[in-house]
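Colleague: Got a structure for you, questions after.
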Amino acid sequence: MRQNTTRKNFSVYDPDEDRLTLWKERYMEMEIAGDRKRDVEKKIDLQLSRFIDFFRDRYGYEKVTAVVKRDVTAWLKHLYHPPEKGGKGYAPATVNNHQAALSRFMKWLRVRAPHLLPEDPTKGIREIMLPDPKPRTLTSEQIVTLKNICDRLERFHLKKDRRRMKGKMELKTHSRPQRDRAIVYVLLSTGLRREELVNLNLDQVEPSDPVQLRAARSAKIVRIRGKGKTEGTEYLSADARVALADYLEEERIHDASDETVALFLSANETSSRKEDGRLYPRSINRILEQIGKWHDAELKDPECFISPLRPHDLRHTFANELAKHPDVTEQDLERLLRHRNKRYLSLYTRPPEATSAGFVEKL
C-alpha cells in the first residue's frame, strides 16, 4: 500500500532540506515503496542515485536548488556516450528510462518543495529517438514446423544411456516436455508477455479441469495482469487447450501440492526451485531457446531457422496472425495485445520480410 502522501510544503529555506538524497529517500518511501514490484523499486532507486552521484561528482555537493536543465542534459549525454568518450555507453532505451525516472521524481519534488525547485529541470528535454526494432514474426511455415517439434518434445527429453536402461524409454529426471509444449501453444494462442505467463495461476484458466478443458469448444485465461495495472482476458486455441490439458493431467499433478496456485511449475526437487514452485521468467527464455535449437537442427535451409526463439517472437507472431483476419479491428488488437501505443501495434503486426517479399514478387 502507498504511504501517506499528504502534501508537506517547506516555505522557509533550510539547508538540511536542500539535499537530493533526502528527497530521493522521501520519494521512494512515499510514492514508490509498496506500490511497485520490488525489482522495479530497486531500478528506480538506482537510476535516481546515478543522477545524484553524477551531480555530486560535478559540483561537490547535492543541493536541490542548484539543479538546472544543463545538468540533466549533461548527465544524459554521460549515460549515452561510449566509454572511450568518458561516458557509460548505455543503449538509447536505457537512457530514456533514466530520463523518465528523473522526470517523475523532479515533478514530484517541485510540488513538494516549490521553494527549492521553482522550475522542472527535466522539462523540454527530448528523448533519444529509438530505431524501430526488427519484428521477429514467424512465418506460417515456421509455425507449422515449430508445432511439429513441440508435439514430439518427449523424444528430445529421453535419457541417452539406452544400454544401461536395457532399451527402456525414460525421460530425464527434471524434464517437463508437456509443460514446455503447453507454454509454446499458450504463447502462440494468447500473445502473453513473459512476465504475464509466469504470473498465471491455475484458477485463471476457465475451465481448469483437464477433461473439461480438452472437451471445451472455448476456453480462456482471465484476470491477466499486464503493464500499467491493466487486466485482460485471452482465449485459448484448440491446440493450446489440448496441450494445457495434457500438462495439467500428466505433469503438473506431480509438481504441485494442495497449496500450489501457480499454473506453470518447476520440476520438484530442482535445486533452484522457488518455494511456491513458480517458474522464473528467465526459465521461459531457456525453454524456448532450446526448442528453437532442436527445431533448426532438423532443417537444412537457414531461411527456415527460428533461433534464437524468444517469448516476444511468439507475441509478435500472435499479433501478425490476428491482423490477417479481415474482421479484426485496431480496437481488437489493442484489447487482445493490451497495448495502446500505435507505433508498437504497427510493429507487432508487420509481416515477416519473406512474406513482404512475396507480396512484391506477385506484382
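Residues are referred to by chain and number: the chain letter is A, B, ... according to the order shown in the C-alpha cells, the number counts from 1 in that chain, and ligands are numbered separately from 1 in the order shown.
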Do you know which residues are at most 9 Å from A:His98 counting only C-alpha atoms, after dropping those on the same chain fewer than 4 positions away, and could you put them as a list in words?

Modeller: Ile44, Gln47, Leu48, Arg50, Phe51, Leu76, Leu79, Ala93, Thr94, Leu102 and Ser103 of chain A

Colleague: Those selected residues, please, written with C-alpha atoms and delivered as a tab-separated table (two decimals), in the first residue's frame.

Modeller:
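Done, and the output landed in part-v1.tsv:
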```tsv
chain	number	residue	atom	x	y	z
A	44	ILE	CA	14.14	3.44	-9.87
A	47	GLN	CA	18.53	5.40	-11.65
A	48	LEU	CA	17.97	8.35	-9.31
A	50	ARG	CA	23.12	7.66	-10.59
A	51	PHE	CA	21.97	11.22	-11.23
A	76	LEU	CA	22.01	12.05	-20.13
A	79	LEU	CA	24.98	7.92	-19.88
A	93	ALA	CA	16.21	2.88	-24.44
A	94	THR	CA	18.13	2.63	-21.15
A	102	LEU	CA	14.28	11.50	-13.09
A	103	SER	CA	11.46	13.47	-14.72
```

Colleague: Neighbouring residues of A:Leu109 were defined as those with any atom within 9 Å, considering only C-alpha atoms; residues of the same chain fewer than 6 positions away were excluded. Please report them as a PyMOL selection string.

Modeller: chain A and resi 23-24+27+116-117+120

Colleague: Let me see the file: selected residues, N, CA and C atoms, as a compact mmCIF listing (two decimals), in the first residue's frame.

Modeller:
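Okay, this is what ended up in result.txt:
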```
# COMPACT_ATOMS: atom_id res chain seq x y z
N TRP A 23 15.51 13.99 -0.42
CA TRP A 23 14.24 13.99 -1.15
C TRP A 23 14.05 12.71 -1.97
N LYS A 24 15.14 12.15 -2.41
CA LYS A 24 15.03 10.85 -3.11
C LYS A 24 14.50 9.78 -2.17
N TYR A 27 10.83 10.36 -1.59
CA TYR A 27 10.09 9.98 -2.79
C TYR A 27 9.90 8.47 -2.86
N LEU A 116 12.38 25.15 -3.25
CA LEU A 116 13.69 24.59 -3.58
C LEU A 116 13.84 24.35 -5.08
N LEU A 117 12.73 24.06 -5.74
CA LEU A 117 12.77 23.74 -7.17
C LEU A 117 11.65 24.48 -7.88
N ASP A 120 11.01 22.90 -13.27
CA ASP A 120 11.37 21.49 -13.52
C ASP A 120 12.56 21.43 -14.48
```

Colleague: Determine which residues of stretch 106-224 of chain A DSSP labels as alpha helix (DSSP H) from the backbone of this structure, then write them out as a VMD selection string.

Modeller: chain A and resid 106 to 112 140 to 150 153 to 156 177 to 190 194 to 198 210 to 215

Colleague: Restricting it to N, CA and C atoms, dump the selection as a short mmCIF file (atom, residue, chain, number, x, y, z; two decimals), in the first residue's frame.

Modeller:
```cif
data_model
loop_
_atom_site.label_atom_id
_atom_site.label_comp_id
_atom_site.auth_asym_id
_atom_site.auth_seq_id
_atom_site.Cartn_x
_atom_site.Cartn_y
_atom_site.Cartn_z
N MET A 106 11.45 14.70 -10.33
CA MET A 106 11.53 16.16 -10.30
C MET A 106 10.14 16.80 -10.28
N LYS A 107 9.20 16.24 -11.00
CA LYS A 107 7.83 16.76 -10.97
C LYS A 107 7.24 16.63 -9.57
N TRP A 108 7.48 15.49 -8.94
CA TRP A 108 7.00 15.27 -7.57
C TRP A 108 7.67 16.24 -6.60
N LEU A 109 8.98 16.41 -6.74
CA LEU A 109 9.74 17.28 -5.84
C LEU A 109 9.31 18.74 -5.99
N ARG A 110 9.02 19.14 -7.21
CA ARG A 110 8.60 20.53 -7.44
C ARG A 110 7.27 20.83 -6.74
N VAL A 111 6.39 19.83 -6.66
CA VAL A 111 5.12 20.01 -5.95
C VAL A 111 5.35 20.04 -4.45
N ARG A 112 6.26 19.20 -3.97
CA ARG A 112 6.51 19.09 -2.53
C ARG A 112 7.30 20.29 -1.98
N SER A 140 4.17 -18.59 -41.62
CA SER A 140 3.21 -19.69 -41.48
C SER A 140 3.91 -21.04 -41.52
N GLU A 141 4.93 -21.14 -42.37
CA GLU A 141 5.69 -22.39 -42.48
C GLU A 141 6.47 -22.67 -41.19
N GLN A 142 7.03 -21.64 -40.60
CA GLN A 142 7.78 -21.82 -39.36
C GLN A 142 6.86 -22.20 -38.20
N ILE A 143 5.65 -21.68 -38.20
CA ILE A 143 4.68 -22.07 -37.17
C ILE A 143 4.37 -23.55 -37.26
N VAL A 144 4.21 -24.04 -38.47
CA VAL A 144 3.91 -25.46 -38.68
C VAL A 144 5.05 -26.34 -38.18
N THR A 145 6.29 -25.98 -38.55
CA THR A 145 7.43 -26.81 -38.14
C THR A 145 7.70 -26.69 -36.65
N LEU A 146 7.42 -25.52 -36.05
CA LEU A 146 7.57 -25.37 -34.60
C LEU A 146 6.58 -26.26 -33.87
N LYS A 147 5.34 -26.28 -34.33
CA LYS A 147 4.33 -27.13 -33.70
C LYS A 147 4.69 -28.62 -33.84
N ASN A 148 5.29 -28.95 -34.96
CA ASN A 148 5.70 -30.33 -35.17
C ASN A 148 6.74 -30.76 -34.13
N ILE A 149 7.69 -29.87 -33.85
CA ILE A 149 8.71 -30.15 -32.84
C ILE A 149 8.06 -30.27 -31.47
N CYS A 150 7.15 -29.36 -31.17
CA CYS A 150 6.51 -29.35 -29.85
C CYS A 150 5.71 -30.63 -29.60
N LEU A 153 8.23 -33.33 -28.37
CA LEU A 153 9.23 -32.91 -27.39
C LEU A 153 9.71 -34.04 -26.48
N GLU A 154 8.84 -34.99 -26.19
CA GLU A 154 9.24 -36.08 -25.28
C GLU A 154 10.47 -36.81 -25.79
N ARG A 155 10.58 -36.96 -27.10
CA ARG A 155 11.72 -37.68 -27.68
C ARG A 155 13.04 -36.96 -27.40
N PHE A 156 12.99 -35.64 -27.33
CA PHE A 156 14.21 -34.86 -27.09
C PHE A 156 14.61 -34.87 -25.61
N PRO A 177 8.37 -32.05 -20.75
CA PRO A 177 8.03 -31.77 -22.14
C PRO A 177 6.59 -31.29 -22.35
N GLN A 178 5.65 -31.83 -21.58
CA GLN A 178 4.26 -31.40 -21.74
C GLN A 178 4.08 -29.95 -21.29
N ARG A 179 4.79 -29.58 -20.23
CA ARG A 179 4.74 -28.19 -19.77
C ARG A 179 5.31 -27.26 -20.83
N ASP A 180 6.48 -27.63 -21.38
CA ASP A 180 7.14 -26.78 -22.39
C ASP A 180 6.28 -26.66 -23.65
N ARG A 181 5.65 -27.75 -24.03
CA ARG A 181 4.74 -27.72 -25.19
C ARG A 181 3.57 -26.79 -24.92
N ALA A 182 2.99 -26.90 -23.72
CA ALA A 182 1.86 -26.04 -23.36
C ALA A 182 2.26 -24.57 -23.35
N ILE A 183 3.46 -24.28 -22.88
CA ILE A 183 3.94 -22.89 -22.85
C ILE A 183 3.98 -22.31 -24.26
N VAL A 184 4.51 -23.06 -25.21
CA VAL A 184 4.60 -22.58 -26.59
C VAL A 184 3.21 -22.33 -27.16
N TYR A 185 2.31 -23.28 -26.97
CA TYR A 185 0.97 -23.14 -27.54
C TYR A 185 0.18 -22.01 -26.88
N VAL A 186 0.35 -21.83 -25.57
CA VAL A 186 -0.34 -20.73 -24.89
C VAL A 186 0.19 -19.39 -25.38
N LEU A 187 1.50 -19.27 -25.55
CA LEU A 187 2.07 -18.02 -26.05
C LEU A 187 1.60 -17.73 -27.48
N LEU A 188 1.57 -18.76 -28.32
CA LEU A 188 1.10 -18.57 -29.70
C LEU A 188 -0.38 -18.19 -29.75
N SER A 189 -1.14 -18.69 -28.79
CA SER A 189 -2.59 -18.51 -28.79
C SER A 189 -3.04 -17.21 -28.12
N THR A 190 -2.19 -16.66 -27.24
CA THR A 190 -2.61 -15.51 -26.44
C THR A 190 -1.73 -14.27 -26.61
N ARG A 194 6.21 -12.47 -21.25
CA ARG A 194 6.87 -13.48 -20.40
C ARG A 194 6.43 -13.35 -18.94
N GLU A 195 6.43 -12.14 -18.40
CA GLU A 195 6.03 -11.94 -17.00
C GLU A 195 4.58 -12.33 -16.78
N GLU A 196 3.73 -12.02 -17.74
CA GLU A 196 2.32 -12.36 -17.60
C GLU A 196 2.14 -13.88 -17.56
N LEU A 197 2.94 -14.58 -18.34
CA LEU A 197 2.84 -16.04 -18.38
C LEU A 197 3.25 -16.67 -17.06
N VAL A 198 4.41 -16.28 -16.52
CA VAL A 198 4.89 -16.91 -15.28
C VAL A 198 4.03 -16.53 -14.08
N PRO A 210 -8.76 -30.69 -16.56
CA PRO A 210 -8.21 -31.21 -17.82
C PRO A 210 -9.24 -31.84 -18.74
N VAL A 211 -10.15 -32.61 -18.19
CA VAL A 211 -11.16 -33.27 -19.02
C VAL A 211 -12.07 -32.24 -19.67
N GLN A 212 -12.54 -31.29 -18.88
CA GLN A 212 -13.41 -30.24 -19.42
C GLN A 212 -12.66 -29.35 -20.41
N LEU A 213 -11.39 -29.08 -20.11
CA LEU A 213 -10.58 -28.22 -20.98
C LEU A 213 -10.38 -28.87 -22.34
N ARG A 214 -10.15 -30.17 -22.34
CA ARG A 214 -9.92 -30.88 -23.59
C ARG A 214 -11.20 -30.96 -24.43
N ALA A 215 -12.34 -31.05 -23.75
CA ALA A 215 -13.62 -31.20 -24.46
C ALA A 215 -14.26 -29.86 -24.82
#
```

Colleague: Need the shell around A:Thr317: protein/DNA/RNA residues with any atom at most 8 Å away, counting only C-alpha atoms. Skip same-chain ones fewer than 2 positions apart. Format as a count of residues only?

Modeller: 14

Colleague: Would you compute the distance between atom CA of A:Ala100 and atom CA of A:Trp75? Give it in Å to one decimal.

Modeller: 13.0 Å

Colleague: Taking 6 positions as the minimum chain separation for residues in the same chain, which residues sit within 8 Å of stretch 326-340 of chain A when counting only C-alpha atoms? Answer as a VMD selection string.

Modeller: chain A and resid 190 to 192 226 to 227 230 232 to 234 319

Colleague: Write the selection just made, keeping N, CA, C and O atoms, as a CSV table (one decimal), in the first residue's frame?

Modeller:
```
chain,number,residue,atom,x,y,z
A,190,THR,N,-2.2,-16.7,-27.2
A,190,THR,CA,-2.6,-15.5,-26.4
A,190,THR,C,-1.7,-14.3,-26.6
A,190,THR,O,-2.2,-13.2,-26.3
A,191,GLY,N,-0.5,-14.5,-27.0
A,191,GLY,CA,0.4,-13.3,-27.2
A,191,GLY,C,0.8,-12.8,-25.8
A,191,GLY,O,1.2,-11.6,-25.7
A,192,LEU,N,0.8,-13.6,-24.8
A,192,LEU,CA,1.2,-13.1,-23.4
A,192,LEU,C,2.7,-12.7,-23.4
A,192,LEU,O,3.5,-13.3,-24.1
A,226,GLY,N,-1.4,-7.1,-16.8
A,226,GLY,CA,-0.5,-6.6,-17.7
A,226,GLY,C,0.2,-5.4,-17.3
A,226,GLY,O,0.2,-5.0,-16.1
A,227,LYS,N,0.9,-4.7,-18.2
A,227,LYS,CA,1.5,-3.4,-17.9
A,227,LYS,C,0.5,-2.4,-17.5
A,227,LYS,O,-0.6,-2.4,-17.9
A,230,THR,N,-3.1,-3.1,-15.8
A,230,THR,CA,-4.3,-3.4,-16.6
A,230,THR,C,-4.6,-4.9,-16.4
A,230,THR,O,-3.8,-5.7,-16.0
A,232,GLY,N,-6.8,-8.2,-18.4
A,232,GLY,CA,-7.4,-8.6,-19.7
A,232,GLY,C,-7.7,-10.1,-19.7
A,232,GLY,O,-7.5,-10.8,-18.7
A,233,THR,N,-8.4,-10.5,-20.8
A,233,THR,CA,-8.8,-11.9,-21.0
A,233,THR,C,-8.3,-12.3,-22.3
A,233,THR,O,-8.4,-11.6,-23.3
A,234,GLU,N,-7.7,-13.5,-22.4
A,234,GLU,CA,-7.3,-14.1,-23.7
A,234,GLU,C,-7.9,-15.5,-23.8
A,234,GLU,O,-8.1,-16.2,-22.9
A,319,ALA,N,0.2,-11.5,-32.9
A,319,ALA,CA,-0.3,-10.2,-33.4
A,319,ALA,C,-0.5,-10.2,-34.9
A,319,ALA,O,-1.5,-9.8,-35.5
```
